[in-house]
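Dumped run_9.pdb below, it's PDB, C-alpha atoms:
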ATOM      1  CA  MET Q   1       0.000   0.000   0.000
ATOM      2  CA  LYS Q   2       1.224   3.461  -0.816
ATOM      3  CA  SER Q   3       1.564   5.387   2.433
ATOM      4  CA  SER Q   4       0.033   8.841   2.457
ATOM      5  CA  LYS Q   5      -0.997  11.422   5.001
ATOM      6  CA  ILE Q   6      -4.506  12.777   5.396
ATOM      7  CA  THR Q   7      -3.589  16.043   3.715
ATOM      8  CA  GLN Q   8      -2.099  14.198   0.745
ATOM      9  CA  ARG Q   9      -5.326  12.281   0.212
ATOM     10  CA  ILE Q  10      -7.414  15.446   0.312
ATOM     11  CA  ALA Q  11      -4.922  17.131  -2.010
ATOM     12  CA  ALA Q  12      -5.291  14.210  -4.411
ATOM     13  CA  PHE Q  13      -9.014  14.835  -4.705
ATOM     14  CA  VAL Q  14      -8.483  18.576  -5.128
ATOM     15  CA  LEU Q  15      -6.007  17.839  -7.915
ATOM     16  CA  LEU Q  16      -8.443  15.364  -9.466
ATOM     17  CA  LEU Q  17     -11.169  18.026  -9.495
ATOM     18  CA  PHE Q  18      -8.793  20.550 -11.057
ATOM     19  CA  MET Q  19      -7.787  18.131 -13.799
ATOM     20  CA  ILE Q  20     -11.412  17.362 -14.660
ATOM     21  CA  THR Q  21     -12.571  20.993 -14.781
ATOM     22  CA  ALA Q  22      -9.486  23.021 -15.801
ATOM     23  CA  ASN Q  23     -10.108  22.945 -19.550
ATOM     24  CA  GLY Q  24     -13.765  22.007 -19.471
ATOM     25  CA  GLN Q  25     -12.996  18.626 -20.983
ATOM     26  CA  THR Q  26     -11.570  15.222 -20.196
ATOM     27  CA  LYS Q  27     -10.125  12.410 -22.270
ATOM     28  CA  HIS Q  28     -12.563   9.975 -20.656
ATOM     29  CA  LYS Q  29     -16.016   9.152 -21.945
ATOM     30  CA  SER Q  30     -17.942   9.584 -18.695
ATOM     31  CA  ASN Q  31     -20.107  12.518 -17.659
ATOM     32  CA  SER Q  32     -17.195  14.662 -16.484
ATOM     33  CA  SER Q  33     -19.216  17.652 -15.260
ATOM     34  CA  VAL Q  34     -21.375  15.494 -13.006
ATOM     35  CA  ILE Q  35     -18.364  13.607 -11.676
ATOM     36  CA  ALA Q  36     -16.505  16.882 -11.106
ATOM     37  CA  LEU Q  37     -19.406  18.216  -9.055
ATOM     38  CA  GLU Q  38     -19.649  14.988  -7.073
ATOM     39  CA  THR Q  39     -15.888  15.064  -6.519
ATOM     40  CA  LEU Q  40     -16.177  18.564  -5.054
ATOM     41  CA  ASN Q  41     -18.968  17.326  -2.802
ATOM     42  CA  LEU Q  42     -16.819  14.399  -1.746
ATOM     43  CA  ILE Q  43     -13.929  16.680  -0.823
ATOM     44  CA  THR Q  44     -16.226  18.549   1.552
ATOM     45  CA  PHE Q  45     -17.752  15.311   2.800
ATOM     46  CA  PHE Q  46     -14.375  13.662   3.434
ATOM     47  CA  SER Q  47     -13.008  16.752   5.153
ATOM     48  CA  THR Q  48     -16.012  16.854   7.467
ATOM     49  CA  LEU Q  49     -16.264  13.163   8.331
ATOM     50  CA  ASN Q  50     -12.570  12.260   8.122
ATOM     51  CA  ASP Q  51     -13.323   9.735   5.406
ATOM     52  CA  TYR Q  52     -11.061   9.340   2.386
ATOM     53  CA  PRO Q  53     -10.687   7.545  -0.929
ATOM     54  CA  ASN Q  54      -9.851   3.852  -0.788
ATOM     55  CA  ASP Q  55      -6.158   3.176  -0.314
ATOM     56  CA  PHE Q  56      -3.789   3.263  -3.278
ATOM     57  CA  TYR Q  57      -1.798   0.146  -4.227
ATOM     58  CA  GLN Q  58       0.854  -0.337  -6.860
ATOM     59  CA  GLY Q  59      -0.190  -2.275  -9.912
ATOM     60  CA  GLU Q  60      -1.296  -2.086 -13.511
ATOM     61  CA  MET Q  61      -4.587  -1.541 -15.305
ATOM     62  CA  THR Q  62      -5.480  -2.951 -18.712
ATOM     63  CA  LEU Q  63      -7.865  -0.817 -20.748
ATOM     64  CA  ASN Q  64     -10.361  -2.125 -23.278
ATOM     65  CA  ASP Q  65      -8.122  -1.029 -26.147
ATOM     66  CA  GLY Q  66      -5.340  -3.287 -24.834
ATOM     67  CA  SER Q  67      -3.117  -0.531 -23.461
ATOM     68  CA  ILE Q  68      -1.622  -0.996 -19.999
ATOM     69  CA  ILE Q  69      -1.297   1.756 -17.407
ATOM     70  CA  ILE Q  70       1.032   1.382 -14.440
ATOM     71  CA  GLY Q  71       1.226   3.271 -11.160
ATOM     72  CA  TYR Q  72      -0.831   3.351  -7.984
ATOM     73  CA  PHE Q  73      -4.560   2.594  -8.056
ATOM     74  CA  SER Q  74      -7.477   3.176  -5.711
ATOM     75  CA  LEU Q  75     -10.420   0.928  -6.614
ATOM     76  CA  ASN Q  76     -14.202   1.214  -6.330
ATOM     77  CA  ASN Q  77     -14.519   4.849  -5.324
ATOM     78  CA  SER Q  78     -18.167   5.921  -5.538
ATOM     79  CA  ILE Q  79     -18.711   9.122  -7.508
ATOM     80  CA  ALA Q  80     -21.965  10.277  -9.132
ATOM     81  CA  ASP Q  81     -23.632   6.887  -8.587
ATOM     82  CA  ASN Q  82     -20.739   5.231 -10.407
ATOM     83  CA  TYR Q  83     -17.571   3.491  -9.331
ATOM     84  CA  VAL Q  84     -14.274   4.865 -10.566
ATOM     85  CA  VAL Q  85     -10.667   3.796 -10.365
ATOM     86  CA  LEU Q  86      -8.272   6.555  -9.338
ATOM     87  CA  HIS Q  87      -4.800   6.382 -10.858
ATOM     88  CA  ASP Q  88      -1.662   8.046  -9.513
ATOM     89  CA  ASP Q  89       1.316   7.781 -11.882
ATOM     90  CA  GLY Q  90       3.585   9.759  -9.574
ATOM     91  CA  GLU Q  91       2.893  13.072 -11.295
ATOM     92  CA  THR Q  92      -0.833  13.362 -11.947
ATOM     93  CA  TYR Q  93      -4.156  11.819 -10.941
ATOM     94  CA  ASN Q  94      -6.812  10.519 -13.320
ATOM     95  CA  TYR Q  95     -10.075   8.639 -12.987
ATOM     96  CA  TYR Q  96     -11.309   5.748 -15.120
ATOM     97  CA  CYS Q  97     -14.780   4.221 -15.354
ATOM     98  CA  LYS Q  98     -15.979   0.709 -16.101
ATOM     99  CA  ASP Q  99     -16.541   1.309 -19.808
ATOM    100  CA  GLU Q 100     -12.817   1.985 -20.238
ATOM    101  CA  ILE Q 101     -11.347  -0.788 -18.097
ATOM    102  CA  ASN Q 102     -10.791  -4.466 -18.825
ATOM    103  CA  ASP Q 103      -9.184  -5.408 -15.507
ATOM    104  CA  VAL Q 104      -6.822  -4.221 -12.787
ATOM    105  CA  MET Q 105      -3.933  -6.139 -11.253
ATOM    106  CA  LEU Q 106      -2.461  -5.029  -7.924
ATOM    107  CA  TYR Q 107       0.905  -6.120  -6.602
ATOM    108  CA  ASN Q 108       0.994  -7.737  -3.184
ATOM    109  CA  PRO Q 109       3.515  -5.722  -1.127
ATOM    110  CA  ASN Q 110       4.313  -8.760   1.038
ATOM    111  CA  SER Q 111       4.968 -11.344  -1.676
ATOM    112  CA  ASP Q 112       5.575 -11.869  -5.374
ATOM    113  CA  ALA Q 113       1.917 -12.747  -5.909
ATOM    114  CA  ASN Q 114      -0.342 -10.397  -7.824
ATOM    115  CA  THR Q 115      -4.074 -10.010  -7.366
ATOM    116  CA  MET Q 116      -6.506  -9.619 -10.256
ATOM    117  CA  PHE Q 117      -9.697  -7.564 -10.061
ATOM    118  CA  ASN Q 118     -12.499  -8.153 -12.581
ATOM    119  CA  PHE Q 119     -15.968  -6.920 -13.413
ATOM    120  CA  ILE Q 120     -18.320  -9.840 -12.829
ATOM    121  CA  LYS Q 121     -21.625  -7.988 -12.412
ATOM    122  CA  ASP Q 122     -23.338  -4.989 -13.947
ATOM    123  CA  ASP Q 123     -22.862  -2.875 -10.819
ATOM    124  CA  GLY Q 124     -19.619  -1.274 -12.020
ATOM    125  CA  LYS Q 125     -17.555  -2.715  -9.159
ATOM    126  CA  LEU Q 126     -14.257  -4.517  -9.491
ATOM    127  CA  TYR Q 127     -14.222  -7.798  -7.559
ATOM    128  CA  ARG Q 128     -11.067  -9.353  -6.147
ATOM    129  CA  LYS Q 129     -10.203 -12.803  -7.482
ATOM    130  CA  VAL Q 130      -9.000 -14.930  -4.557
ATOM    131  CA  PHE Q 131      -9.060 -18.394  -6.145
ATOM    132  CA  ASP Q 132      -9.110 -19.882  -9.631
ATOM    133  CA  ASN Q 133      -8.758 -23.610 -10.255
ATOM    134  CA  ASN Q 134      -8.258 -22.903 -13.977
ATOM    135  CA  ILE Q 135     -11.053 -25.376 -14.779
ATOM    136  CA  ASP Q 136     -14.508 -24.292 -13.687
ATOM    137  CA  VAL Q 137     -14.424 -22.536 -10.301
ATOM    138  CA  ILE Q 138     -13.392 -18.978  -9.448
ATOM    139  CA  VAL Q 139     -13.923 -17.286  -6.085
ATOM    140  CA  TYR Q 140     -14.249 -13.512  -5.677
ATOM    141  CA  ASP Q 141     -14.771 -11.206  -2.732
ATOM    142  CA  THR Q 142     -15.354  -7.480  -2.266
ATOM    143  CA  ALA Q 143     -11.960  -6.303  -0.963
ATOM    144  CA  ASN Q 144     -10.188  -3.373  -2.631
ATOM    145  CA  TYR Q 145      -6.628  -4.465  -1.820
ATOM    146  CA  PRO Q 146      -4.226  -7.271  -2.863
ATOM    147  CA  PHE Q 147      -4.897 -10.807  -1.706
ATOM    148  CA  ASP Q 148      -3.534 -11.492   1.801
ATOM    149  CA  ASN Q 149      -4.972 -14.983   2.352
ATOM    150  CA  LYS Q 150      -8.103 -13.566   3.943
ATOM    151  CA  LEU Q 151     -11.640 -13.227   2.660
ATOM    152  CA  VAL Q 152     -13.557  -9.976   3.088
ATOM    153  CA  ASN Q 153     -17.301  -9.350   3.225
ATOM    154  CA  GLU Q 154     -19.323 -10.855   0.393
ATOM    155  CA  VAL Q 155     -17.956 -13.953  -1.338
ATOM    156  CA  ILE Q 156     -19.132 -14.882  -4.820
ATOM    157  CA  ILE Q 157     -18.410 -18.209  -6.495
ATOM    158  CA  ASP Q 158     -18.283 -18.463 -10.267
ATOM    159  CA  VAL Q 159     -19.046 -22.057 -11.295
ATOM    160  CA  ASN Q 160     -19.006 -22.581 -15.050
ATOM    161  CA  ASN Q 161     -19.827 -18.894 -15.561
ATOM    162  CA  GLN Q 162     -22.778 -19.022 -13.145
ATOM    163  CA  LEU Q 163     -22.454 -16.656 -10.182
ATOM    164  CA  ILE Q 164     -23.416 -18.057  -6.782
ATOM    165  CA  GLU Q 165     -23.993 -15.540  -3.983
ATOM    166  CA  THR Q 166     -22.934 -16.985  -0.621
ATOM    167  CA  TRP Q 167     -23.831 -14.104   1.666
ATOM    168  CA  ASN Q 168     -27.013 -14.120   3.746
ATOM    169  CA  PHE Q 169     -28.361 -12.044   6.621
ATOM    170  CA  TRP Q 170     -27.341 -14.638   9.220
ATOM    171  CA  THR Q 171     -23.831 -15.118   7.896
ATOM    172  CA  SER Q 172     -21.042 -15.492  10.438
ATOM    173  CA  GLY Q 173     -18.295 -14.625   7.988
ATOM    174  CA  PRO Q 174     -17.051 -15.288   4.455
ATOM    175  CA  LYS Q 175     -15.074 -18.419   5.410
ATOM    176  CA  HIS Q 176     -18.193 -19.963   6.918
ATOM    177  CA  ASP Q 177     -20.156 -18.976   3.799
ATOM    178  CA  LEU Q 178     -17.770 -21.050   1.685
ATOM    179  CA  ILE Q 179     -18.092 -24.011   4.051
ATOM    180  CA  LYS Q 180     -21.875 -23.691   3.921
ATOM    181  CA  TYR Q 181     -21.690 -23.760   0.124
ATOM    182  CA  LEU Q 182     -19.635 -26.974   0.258
ATOM    183  CA  ARG Q 183     -22.104 -28.545   2.687
ATOM    184  CA  GLU Q 184     -24.996 -27.879   0.337
ATOM    185  CA  ARG Q 185     -23.101 -28.894  -2.766
ATOM    186  CA  ASP Q 186     -21.689 -32.159  -1.372
ATOM    187  CA  ASP Q 187     -24.533 -32.905   1.036
ATOM    188  CA  VAL Q 188     -21.911 -33.416   3.751
ATOM    189  CA  ARG Q 189     -21.990 -31.814   7.195
ATOM    190  CA  TYR Q 190     -18.503 -30.336   7.105
ATOM    191  CA  LYS Q 191     -17.206 -28.743  10.301
ATOM    192  CA  ARG Q 192     -15.040 -25.675  10.536
ATOM    193  CA  SER Q 193     -12.372 -27.861  12.096
ATOM    194  CA  ASP Q 194     -12.222 -29.829   8.847
ATOM    195  CA  PHE Q 195     -10.588 -26.806   7.238
ATOM    196  CA  LYS Q 196      -7.563 -25.508   9.090
ATOM    197  CA  THR Q 197      -6.739 -22.890   6.474
ATOM    198  CA  LEU Q 198      -8.437 -21.063   3.645
ATOM    199  CA  ASP Q 199      -6.374 -23.095   1.189
ATOM    200  CA  ASP Q 200      -7.977 -26.263   2.615
ATOM    201  CA  ILE Q 201     -11.368 -24.902   1.561
ATOM    202  CA  PHE Q 202     -10.093 -23.917  -1.866
ATOM    203  CA  ARG Q 203      -8.732 -27.408  -2.452
ATOM    204  CA  ARG Q 204     -12.182 -28.849  -1.787
ATOM    205  CA  LEU Q 205     -13.757 -26.485  -4.304
TER     206      LEU Q 205
END

Go ahead and express the file in the form of structure tokens.
Amino acid sequence: MKSSKITQRIAAFVLLLFMITANGQTKHKSNSSVIALETLNLITFFSTLNDYPNDFYQGEMTLNDGSIIIGYFSLNNSIADNYVVLHDDGETYNYYCKDEINDVMLYNPNSDANTMFNFIKDDGKLYRKVFDNNIDVIVYDTANYPFDNKLVNEVIIDVNNQLIETWNFWTSGPKHDLIKYLRERDDVRYKRSDFKTLDDIFRRL
């Protein structure tokens, strides 16, 4: 994760607003004037509530035209009822929307592993890929940072291109949601103790 102070994060949004509005145009295809206004509102909102954009992580983003952008990325920031990716290349900040992006890959700061983020729904969010057996099962969750061998919030299983939502109101956590899925799929009363690690669950998938 790129370390930054509170003032740097606020400055990033101020710079983003300036870049969007300075010449009255943007190279992106989204509704720039609406996003600029929402960005200004967010600056005020963040300053008041001490809330900030999602953290930036080093990685690379592949656009729909095949070009690759490198730098630091902050995923799934909500602006104007849309989700945008903020990009910091070390000199400037830009925003990108779903219709421009193919996928984003973030580098894990603690290992050589990289984490892929994909669009799997029509909600405009990037979902973190945490497991892929390269045959028929992929597991995603809703984290905005590189994979650290933990699941976060909602877990979604892609089985042969069919999305299976595992979350429910009574959930006790994403790991238990995966175990519950295995119980129903295999008709076996698995216990939590049957899976010492997250990788044990993945192997059963």

Worksheet entry | Atom pair atom CA of Q:Phe195 / atom CA of Q:Asp141: separation (Å) | 19.0 Å

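With distances taken over all atoms listed in the file, Q:Leu75 is the one residue among Q:Leu75, Q:Ile179, Q:Ala113, Q:Val159 lying closest to Q:Ile101.
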
Worksheet entry | Given the PyMOL selection byres ((chain Q and resi 162) around 12), the residues it picks as a list of chain:residue names | Q:Ile120, Q:Lys121, Q:Asp136, Q:Val137, Q:Ile138, Q:Val139, Q:Ile156, Q:Ile157, Q:Asp158, Q:Val159, Q:Asn160, Q:Asn161, Q:Leu163, Q:Ile164, Q:Glu165

Worksheet item: Evaluating the PyMOL selection byres ((chain Q and resi 109) around 12) on the displayed file yields which residues, as a list of chain:residue names?
Response: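 That expression, the PyMOL selection byres ((chain Q and resi 109) around 12), corresponds here to Q:Met1, Q:Lys2, Q:Ser3, Q:Phe56, Q:Tyr57, Q:Gln58, Q:Gly59, Q:Leu106, Q:Tyr107, Q:Asn108, Q:Asn110, Q:Ser111, Q:Asp112, Q:Ala113, Q:Asn114, Q:Thr115, Q:Tyr145, Q:Pro146, Q:Phe147, Q:Asp148.
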
Worksheet entry | Which residue of Q:Ser74, Q:Lys196, Q:Gly124, Q:Asp81 approaches Q:Cys97 most closely, using all atoms listed in the file |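 That would be Q:Gly124, the residue with the smallest distance to Q:Cys97.
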
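When the PyMOL selection byres ((chain Q and resi 150) around 10) is evaluated on the file shown here, the picked residues come out as Val130, Asp141, Ala143, Phe147, Asp148, Asn149, Leu151, Val152, Pro174, Lys175, Thr197 and Leu198 of chain Q.
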
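Closest approach to Q:Ile68 among Q:Met105, Q:Ile201, Q:Ala80, Q:Leu86: Q:Met105, based on all atoms listed in the file.
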
Worksheet item: What is the atom CA of Q:Asp65-atom CA of Q:Arg128 distance in Å, reported with one decimal?
Response: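 Going from atom CA of Q:Asp65 over to atom CA of Q:Arg128 covers 21.9 Å.
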
Worksheet item: Which of these residues is nearest to Q:Thr92, using all atoms listed in the file: Q:Tyr181, Q:Tyr72, Q:Phe119, Q:Trp167?
Response: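 Residue with the minimum atom-to-atom distance to Q:Thr92: Q:Tyr72.
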
Fill in: One-decimal distance in Å that lies between atom CA of Q:Lys125 and atom CA of Q:Tyr95
14.1 Å

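Residues within 7 Å of Q:Asp103, counting only C-alpha atoms and excluding same-chain residues fewer than 5 positions away, are Met61, Thr62, Phe117 and Asn118 of chain Q.
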
Practice prompt. Measuring atom to atom with all atoms listed in the file, identify which of Q:Glu60, Q:Asp177, Q:Asp88, Q:Asp123 is nearest to Q:Val104.
Written response: Q:Glu60

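Using all atoms listed in the file, the nearest neighbour of Q:Arg203 within the list Q:Asn133, Q:Asn144, Q:Asn54, Q:Ser67 is Q:Asn133.
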